[in-house]
Amino acid sequence: MGGQEQTLALRMTGVGFTRDKRPILAEVDWEVAAGQCWVVLGANGSGKTSLLRIAALYEHPTTGTVEVLGHRLGEVDVRRLRHRVGFVSPALAQMLRPNLKAADVVMTARHGALEPWWHDYTDADRQRAVGLLEQVGATGLGDRTIATLSSGERQRVQIARSLMTDPGLVLLDEPASTLDLGGREMLVTDLARLATDAAAPPLVMVTHRTEEIPAGFTHGLLLRDGQVLVQGHLEDVLTSESLSACFDLPLELEHRNGRWHAQAR
C-alpha cells in the first residue's frame, strides 16, 4: 500500500445494497481516513443505518467493494476484524442485561462478549474499563447497573465500550435518538471532546438532525434515497441548499458557536 492508503480506516467503492429486491444503497464511493470525524446525514429511510452496518461488517454489499482497516470484506474473517471496529447501535443496547454493571459492559468488549463470566478478565482490564468511562464523562458509573442509568448515561457506557479494544474505527448509529435535550447536549459535548483527542480513532456518526453534530467533526456525507448527494469537508457539505435537497424541504442552516442549526424557511 502507498502512504495515503495506509491511513484509510474505511473505503467503499461502487457499493450497492438490496434487501427483499428493494434497493437501499446505490453506487456509494466513500473513504474515511485517520484523523477524520464524519457525520452521515439524511432523512429516515435514506440508507444511513445500512451504510453503517456494512462499515461495521454486519452486512455485505450486494455490489461493490468494502475495505475496513486495510482488509477487504469477503476476504477476511469478519469475526476477528469486528474487534477492531467500535460500533454503538440501538440493537446492542437492547441486548444488555439490565442488572449488568456499567464497568462490565465496557470490559466485556475485550472479547466481544455481553457477559463477564464467558471469559477471564484481569484487574488491568477492569481498570481500563473504568478509565474509559471517565474519558467519556461517565465517572463514578462503573458499579451502577444498566437499569439504574439514564438514557444519556447508557449511551456514554456504550461509547466507552466501543473504545475498549483500541479500535481503528468507531461507528455511532444515531447515538442521541433516545435522549432528552439535556442528555443530548451532554452527549454532544462528550463527542466533541473525543473528536479533538489526537489519540482517538476516526469517528463516523449517523444522524438525521444537524443539532446533534458535535463541534470538531471534520467531514460530512449527505444521503438521499440511498445515493450520496454530496460529501467532503463539513463546512463545504453543509449548506442551506444541500440540506434542502437532502430532505426535500426548503431549509435555512446556520452555524453558530461550533454547532449547526436548521429550520424550515
# chains A, B, ... in the order shown; residues from 1 in each chain; ligands from 1
$ residues_around --residues "range 140-154 of chain A" --least-positions-apart "2" --cutoff "12 Å" --atoms "only C-alpha atoms" --output "PyMOL selection string"
chain A and resi 88-90+92-107+126-138+156-161+175-190
$ write_last_selection --atoms "C-alpha atoms" --output "PDB file, in the first residue's frame"
ATOM      1  CA  VAL A  88     -22.595   1.793  19.020  1.00  0.00           C
ATOM      2  CA  SER A  89     -26.136   0.901  17.990  1.00  0.00           C
ATOM      3  CA  PRO A  90     -29.650   0.666  19.469  1.00  0.00           C
ATOM      4  CA  LEU A  92     -26.659  -3.561  21.214  1.00  0.00           C
ATOM      5  CA  ALA A  93     -28.385  -1.535  23.924  1.00  0.00           C
ATOM      6  CA  GLN A  94     -31.402  -3.853  23.775  1.00  0.00           C
ATOM      7  CA  MET A  95     -29.169  -6.923  24.258  1.00  0.00           C
ATOM      8  CA  LEU A  96     -27.634  -5.758  27.545  1.00  0.00           C
ATOM      9  CA  ARG A  97     -28.858  -7.459  30.744  1.00  0.00           C
ATOM     10  CA  PRO A  98     -30.470  -4.760  32.958  1.00  0.00           C
ATOM     11  CA  ASN A  99     -28.584  -5.716  36.125  1.00  0.00           C
ATOM     12  CA  LEU A 100     -25.186  -5.821  34.404  1.00  0.00           C
ATOM     13  CA  LYS A 101     -22.770  -3.263  35.843  1.00  0.00           C
ATOM     14  CA  ALA A 102     -21.558  -0.479  33.596  1.00  0.00           C
ATOM     15  CA  ALA A 103     -17.892  -1.421  34.039  1.00  0.00           C
ATOM     16  CA  ASP A 104     -18.709  -4.983  32.974  1.00  0.00           C
ATOM     17  CA  VAL A 105     -20.489  -3.711  29.849  1.00  0.00           C
ATOM     18  CA  VAL A 106     -17.296  -1.891  28.867  1.00  0.00           C
ATOM     19  CA  MET A 107     -14.855  -4.602  29.942  1.00  0.00           C
ATOM     20  CA  ARG A 126     -11.319  -3.552  34.788  1.00  0.00           C
ATOM     21  CA  GLN A 127      -9.120  -0.525  35.412  1.00  0.00           C
ATOM     22  CA  ARG A 128      -9.107   0.240  31.697  1.00  0.00           C
ATOM     23  CA  ALA A 129     -12.903  -0.013  31.590  1.00  0.00           C
ATOM     24  CA  VAL A 130     -13.216   2.426  34.493  1.00  0.00           C
ATOM     25  CA  GLY A 131     -10.722   4.763  32.825  1.00  0.00           C
ATOM     26  CA  LEU A 132     -12.706   4.750  29.589  1.00  0.00           C
ATOM     27  CA  LEU A 133     -15.888   5.560  31.493  1.00  0.00           C
ATOM     28  CA  GLU A 134     -14.080   8.570  32.939  1.00  0.00           C
ATOM     29  CA  GLN A 135     -12.852   9.545  29.463  1.00  0.00           C
ATOM     30  CA  VAL A 136     -16.409   9.782  28.107  1.00  0.00           C
ATOM     31  CA  GLY A 137     -17.841  11.687  31.062  1.00  0.00           C
ATOM     32  CA  ALA A 138     -19.232   8.670  32.951  1.00  0.00           C
ATOM     33  CA  ARG A 156     -21.806   7.037  27.400  1.00  0.00           C
ATOM     34  CA  VAL A 157     -21.297   3.480  28.614  1.00  0.00           C
ATOM     35  CA  GLN A 158     -21.775   2.177  25.059  1.00  0.00           C
ATOM     36  CA  ILE A 159     -19.264   4.685  23.708  1.00  0.00           C
ATOM     37  CA  ALA A 160     -16.755   3.668  26.380  1.00  0.00           C
ATOM     38  CA  ARG A 161     -17.348   0.029  25.392  1.00  0.00           C
ATOM     39  CA  PRO A 175     -26.465   7.893  19.450  1.00  0.00           C
ATOM     40  CA  ALA A 176     -28.736  10.759  20.556  1.00  0.00           C
ATOM     41  CA  SER A 177     -32.016   9.435  19.143  1.00  0.00           C
ATOM     42  CA  THR A 178     -33.485   8.385  22.519  1.00  0.00           C
ATOM     43  CA  LEU A 179     -32.136  11.261  24.609  1.00  0.00           C
ATOM     44  CA  ASP A 180     -33.899  14.288  26.029  1.00  0.00           C
ATOM     45  CA  LEU A 181     -32.450  17.754  25.487  1.00  0.00           C
ATOM     46  CA  GLY A 182     -30.117  17.610  28.489  1.00  0.00           C
ATOM     47  CA  GLY A 183     -28.892  14.126  27.637  1.00  0.00           C
ATOM     48  CA  ARG A 184     -28.324  15.097  24.022  1.00  0.00           C
ATOM     49  CA  GLU A 185     -26.275  18.147  24.923  1.00  0.00           C
ATOM     50  CA  MET A 186     -24.096  16.227  27.354  1.00  0.00           C
ATOM     51  CA  LEU A 187     -23.504  13.516  24.746  1.00  0.00           C
ATOM     52  CA  VAL A 188     -22.668  16.058  22.040  1.00  0.00           C
ATOM     53  CA  THR A 189     -20.183  17.692  24.425  1.00  0.00           C
ATOM     54  CA  ASP A 190     -18.566  14.321  25.156  1.00  0.00           C
TER      55      ASP A 190
END
$ residues_around --residues "His111 in chain A" --least-positions-apart "4" --cutoff "9 Å" --atoms "only C-alpha atoms" --output "ChimeraX atom specification"
/A:83,107,118-119,165
$ write_last_selection --atoms "C-alpha atoms" --output "PDB file, in the first residue's frame"
ATOM      1  CA  HIS A  83     -12.948  -6.469  17.402  1.00  0.00           C
ATOM      2  CA  MET A 107     -14.855  -4.602  29.942  1.00  0.00           C
ATOM      3  CA  TRP A 118     -17.854 -16.050  29.467  1.00  0.00           C
ATOM      4  CA  HIS A 119     -14.135 -15.147  29.626  1.00  0.00           C
ATOM      5  CA  THR A 165     -10.304  -2.752  22.176  1.00  0.00           C
TER       6      THR A 165
END
$ select_by_dssp --residues "range 170-239 of chain A" --states "alpha helix (DSSP H)" --output "mmCIF file with all heavy atoms, in the first residue's frame"
data_model
loop_
_atom_site.group_PDB
_atom_site.id
_atom_site.type_symbol
_atom_site.label_atom_id
_atom_site.label_comp_id
_atom_site.auth_asym_id
_atom_site.auth_seq_id
_atom_site.Cartn_x
_atom_site.Cartn_y
_atom_site.Cartn_z
ATOM 1 N N LEU A 181 -33.312 16.628 25.860
ATOM 2 C CA LEU A 181 -32.450 17.754 25.487
ATOM 3 C C LEU A 181 -31.169 17.780 26.314
ATOM 4 O O LEU A 181 -30.069 17.941 25.771
ATOM 5 C CB LEU A 181 -33.211 19.072 25.658
ATOM 6 C CG LEU A 181 -32.431 20.346 25.330
ATOM 7 C CD1 LEU A 181 -31.950 20.336 23.889
ATOM 8 C CD2 LEU A 181 -33.293 21.577 25.607
ATOM 9 N N GLY A 182 -31.309 17.593 27.643
ATOM 10 C CA GLY A 182 -30.117 17.610 28.489
ATOM 11 C C GLY A 182 -29.169 16.480 28.163
ATOM 12 O O GLY A 182 -27.956 16.682 28.068
ATOM 13 N N GLY A 183 -29.724 15.278 27.971
ATOM 14 C CA GLY A 183 -28.892 14.126 27.637
ATOM 15 C C GLY A 183 -28.200 14.304 26.308
ATOM 16 O O GLY A 183 -27.025 13.938 26.150
ATOM 17 N N ARG A 184 -28.933 14.870 25.339
ATOM 18 C CA ARG A 184 -28.324 15.097 24.022
ATOM 19 C C ARG A 184 -27.153 16.054 24.123
ATOM 20 O O ARG A 184 -26.081 15.814 23.547
ATOM 21 C CB ARG A 184 -29.363 15.653 23.052
ATOM 22 C CG ARG A 184 -28.816 15.863 21.646
ATOM 23 C CD ARG A 184 -29.733 16.729 20.806
ATOM 24 N NE ARG A 184 -29.616 18.139 21.173
ATOM 25 C CZ ARG A 184 -30.350 19.116 20.618
ATOM 26 N NH1 ARG A 184 -31.258 18.819 19.717
ATOM 27 N NH2 ARG A 184 -30.175 20.369 20.989
ATOM 28 N N GLU A 185 -27.327 17.147 24.851
ATOM 29 C CA GLU A 185 -26.275 18.147 24.923
ATOM 30 C C GLU A 185 -25.041 17.609 25.638
ATOM 31 O O GLU A 185 -23.914 17.906 25.244
ATOM 32 C CB GLU A 185 -26.807 19.410 25.616
ATOM 33 C CG GLU A 185 -27.773 20.200 24.743
ATOM 34 C CD GLU A 185 -27.138 20.597 23.424
ATOM 35 O OE1 GLU A 185 -26.165 21.379 23.432
ATOM 36 O OE2 GLU A 185 -27.608 20.104 22.374
ATOM 37 N N MET A 186 -25.243 16.819 26.675
ATOM 38 C CA MET A 186 -24.096 16.227 27.354
ATOM 39 C C MET A 186 -23.368 15.249 26.439
ATOM 40 O O MET A 186 -22.130 15.214 26.400
ATOM 41 C CB MET A 186 -24.541 15.542 28.640
ATOM 42 C CG MET A 186 -24.907 16.519 29.745
ATOM 43 S SD MET A 186 -25.227 15.718 31.339
ATOM 44 C CE MET A 186 -26.828 14.981 31.021
ATOM 45 N N LEU A 187 -24.132 14.466 25.669
ATOM 46 C CA LEU A 187 -23.504 13.516 24.746
ATOM 47 C C LEU A 187 -22.735 14.250 23.651
ATOM 48 O O LEU A 187 -21.607 13.876 23.313
ATOM 49 C CB LEU A 187 -24.568 12.609 24.128
ATOM 50 C CG LEU A 187 -24.032 11.582 23.126
ATOM 51 C CD1 LEU A 187 -23.154 10.550 23.815
ATOM 52 C CD2 LEU A 187 -25.183 10.894 22.393
ATOM 53 N N VAL A 188 -23.335 15.292 23.096
ATOM 54 C CA VAL A 188 -22.668 16.058 22.040
ATOM 55 C C VAL A 188 -21.368 16.661 22.572
ATOM 56 O O VAL A 188 -20.344 16.680 21.875
ATOM 57 C CB VAL A 188 -23.611 17.147 21.489
ATOM 58 C CG1 VAL A 188 -22.847 18.127 20.606
ATOM 59 C CG2 VAL A 188 -24.746 16.511 20.698
ATOM 60 N N THR A 189 -21.397 17.144 23.808
ATOM 61 C CA THR A 189 -20.183 17.692 24.425
ATOM 62 C C THR A 189 -19.111 16.619 24.570
ATOM 63 O O THR A 189 -17.929 16.849 24.278
ATOM 64 C CB THR A 189 -20.512 18.296 25.796
ATOM 65 O OG1 THR A 189 -21.440 19.359 25.630
ATOM 66 C CG2 THR A 189 -19.256 18.836 26.473
ATOM 67 N N ASP A 190 -19.519 15.426 25.011
ATOM 68 C CA ASP A 190 -18.566 14.321 25.156
ATOM 69 C C ASP A 190 -17.958 13.941 23.806
ATOM 70 O O ASP A 190 -16.753 13.691 23.698
ATOM 71 C CB ASP A 190 -19.257 13.101 25.764
ATOM 72 C CG ASP A 190 -19.698 13.336 27.201
ATOM 73 O OD1 ASP A 190 -19.108 14.208 27.865
ATOM 74 O OD2 ASP A 190 -20.640 12.651 27.647
ATOM 75 N N LEU A 191 -18.786 13.888 22.759
ATOM 76 C CA LEU A 191 -18.288 13.515 21.432
ATOM 77 C C LEU A 191 -17.385 14.602 20.857
ATOM 78 O O LEU A 191 -16.420 14.303 20.148
ATOM 79 C CB LEU A 191 -19.459 13.235 20.485
ATOM 80 C CG LEU A 191 -20.268 11.977 20.792
ATOM 81 C CD1 LEU A 191 -21.443 11.855 19.825
ATOM 82 C CD2 LEU A 191 -19.390 10.731 20.703
ATOM 83 N N ALA A 192 -17.684 15.859 21.168
ATOM 84 C CA ALA A 192 -16.819 16.947 20.710
ATOM 85 C C ALA A 192 -15.439 16.828 21.350
ATOM 86 O O ALA A 192 -14.415 17.055 20.693
ATOM 87 C CB ALA A 192 -17.458 18.295 21.056
ATOM 88 N N ARG A 193 -15.417 16.439 22.618
ATOM 89 C CA ARG A 193 -14.143 16.239 23.307
ATOM 90 C C ARG A 193 -13.372 15.079 22.674
ATOM 91 O O ARG A 193 -12.157 15.164 22.458
ATOM 92 C CB ARG A 193 -14.399 15.960 24.792
ATOM 93 C CG ARG A 193 -13.125 15.914 25.640
ATOM 94 C CD ARG A 193 -13.433 15.567 27.093
ATOM 95 N NE ARG A 193 -14.454 16.432 27.639
ATOM 96 C CZ ARG A 193 -15.658 16.019 28.034
ATOM 97 N NH1 ARG A 193 -15.973 14.743 27.921
ATOM 98 N NH2 ARG A 193 -16.517 16.854 28.540
ATOM 99 N N LEU A 194 -14.082 14.005 22.348
ATOM 100 C CA LEU A 194 -13.436 12.849 21.724
ATOM 101 C C LEU A 194 -12.919 13.206 20.332
ATOM 102 O O LEU A 194 -11.848 12.746 19.917
ATOM 103 C CB LEU A 194 -14.435 11.699 21.639
ATOM 104 C CG LEU A 194 -13.902 10.323 21.261
ATOM 105 C CD1 LEU A 194 -12.866 9.839 22.270
ATOM 106 C CD2 LEU A 194 -15.047 9.318 21.166
ATOM 107 N N ALA A 195 -13.661 14.046 19.611
ATOM 108 C CA ALA A 195 -13.274 14.419 18.249
ATOM 109 C C ALA A 195 -11.972 15.208 18.212
ATOM 110 O O ALA A 195 -11.252 15.184 17.204
ATOM 111 C CB ALA A 195 -14.384 15.226 17.590
ATOM 112 N N LEU A 234 -16.851 19.338 6.127
ATOM 113 C CA LEU A 234 -18.173 19.618 6.661
ATOM 114 C C LEU A 234 -18.678 21.004 6.272
ATOM 115 O O LEU A 234 -19.849 21.168 5.908
ATOM 116 C CB LEU A 234 -18.148 19.474 8.195
ATOM 117 C CG LEU A 234 -19.489 19.376 8.891
ATOM 118 C CD1 LEU A 234 -20.322 18.223 8.348
ATOM 119 C CD2 LEU A 234 -19.293 19.219 10.399
ATOM 120 N N GLU A 235 -17.803 21.999 6.321
ATOM 121 C CA GLU A 235 -18.246 23.361 6.011
ATOM 122 C C GLU A 235 -18.618 23.515 4.532
ATOM 123 O O GLU A 235 -19.400 24.405 4.174
ATOM 124 C CB GLU A 235 -17.180 24.388 6.395
ATOM 125 C CG GLU A 235 -15.861 24.251 5.650
ATOM 126 C CD GLU A 235 -14.886 23.317 6.351
ATOM 127 O OE1 GLU A 235 -15.315 22.497 7.183
ATOM 128 O OE2 GLU A 235 -13.670 23.421 6.049
ATOM 129 N N ASP A 236 -18.077 22.656 3.664
ATOM 130 C CA ASP A 236 -18.445 22.690 2.249
ATOM 131 C C ASP A 236 -19.724 21.899 1.984
ATOM 132 O O ASP A 236 -20.515 22.250 1.107
ATOM 133 C CB ASP A 236 -17.311 22.104 1.389
ATOM 134 C CG ASP A 236 -16.027 22.911 1.498
ATOM 135 O OD1 ASP A 236 -16.114 24.143 1.658
ATOM 136 O OD2 ASP A 236 -14.945 22.301 1.441
ATOM 137 N N VAL A 237 -19.918 20.825 2.753
ATOM 138 C CA VAL A 237 -21.073 19.946 2.542
ATOM 139 C C VAL A 237 -22.351 20.537 3.114
ATOM 140 O O VAL A 237 -23.415 20.483 2.494
ATOM 141 C CB VAL A 237 -20.786 18.564 3.173
ATOM 142 C CG1 VAL A 237 -22.059 17.728 3.268
ATOM 143 C CG2 VAL A 237 -19.724 17.836 2.357
#
$ residues_around --residues "Glu211 in chain A" --least-positions-apart "4" --cutoff "7 Å" --atoms "only C-alpha atoms" --output "PyMOL selection string"
chain A and resi 259-261
$ write_last_selection --atoms "C-alpha atoms" --output "PDB file, in the first residue's frame"
ATOM      1  CA  ARG A 259     -22.891  23.982  16.201  1.00  0.00           C
ATOM      2  CA  TRP A 260     -25.330  23.644  13.302  1.00  0.00           C
ATOM      3  CA  HIS A 261     -28.996  24.687  13.421  1.00  0.00           C
TER       4      HIS A 261
END
$ closest_residue --among "A:Val28, A:Leu251, A:Ala198, A:Val85" --to "Leu222 in chain A" --atoms "only C-alpha atoms"
A:Val28
$ closest_residue --among "A:Gly86, A:Pro250, A:Pro201, A:Gly64" --to "Leu25 in chain A" --atoms "only C-alpha atoms"
A:Gly64
$ atom_distance --atom1 "CA of Glu115 in chain A" --atom2 "CA of Ala55 in chain A"
25.1 Å
$ closest_residue --among "A:Glu59, A:Asp225, A:Glu241, A:Asp173" --to "Ser46 in chain A" --atoms "only C-alpha atoms"
A:Asp225
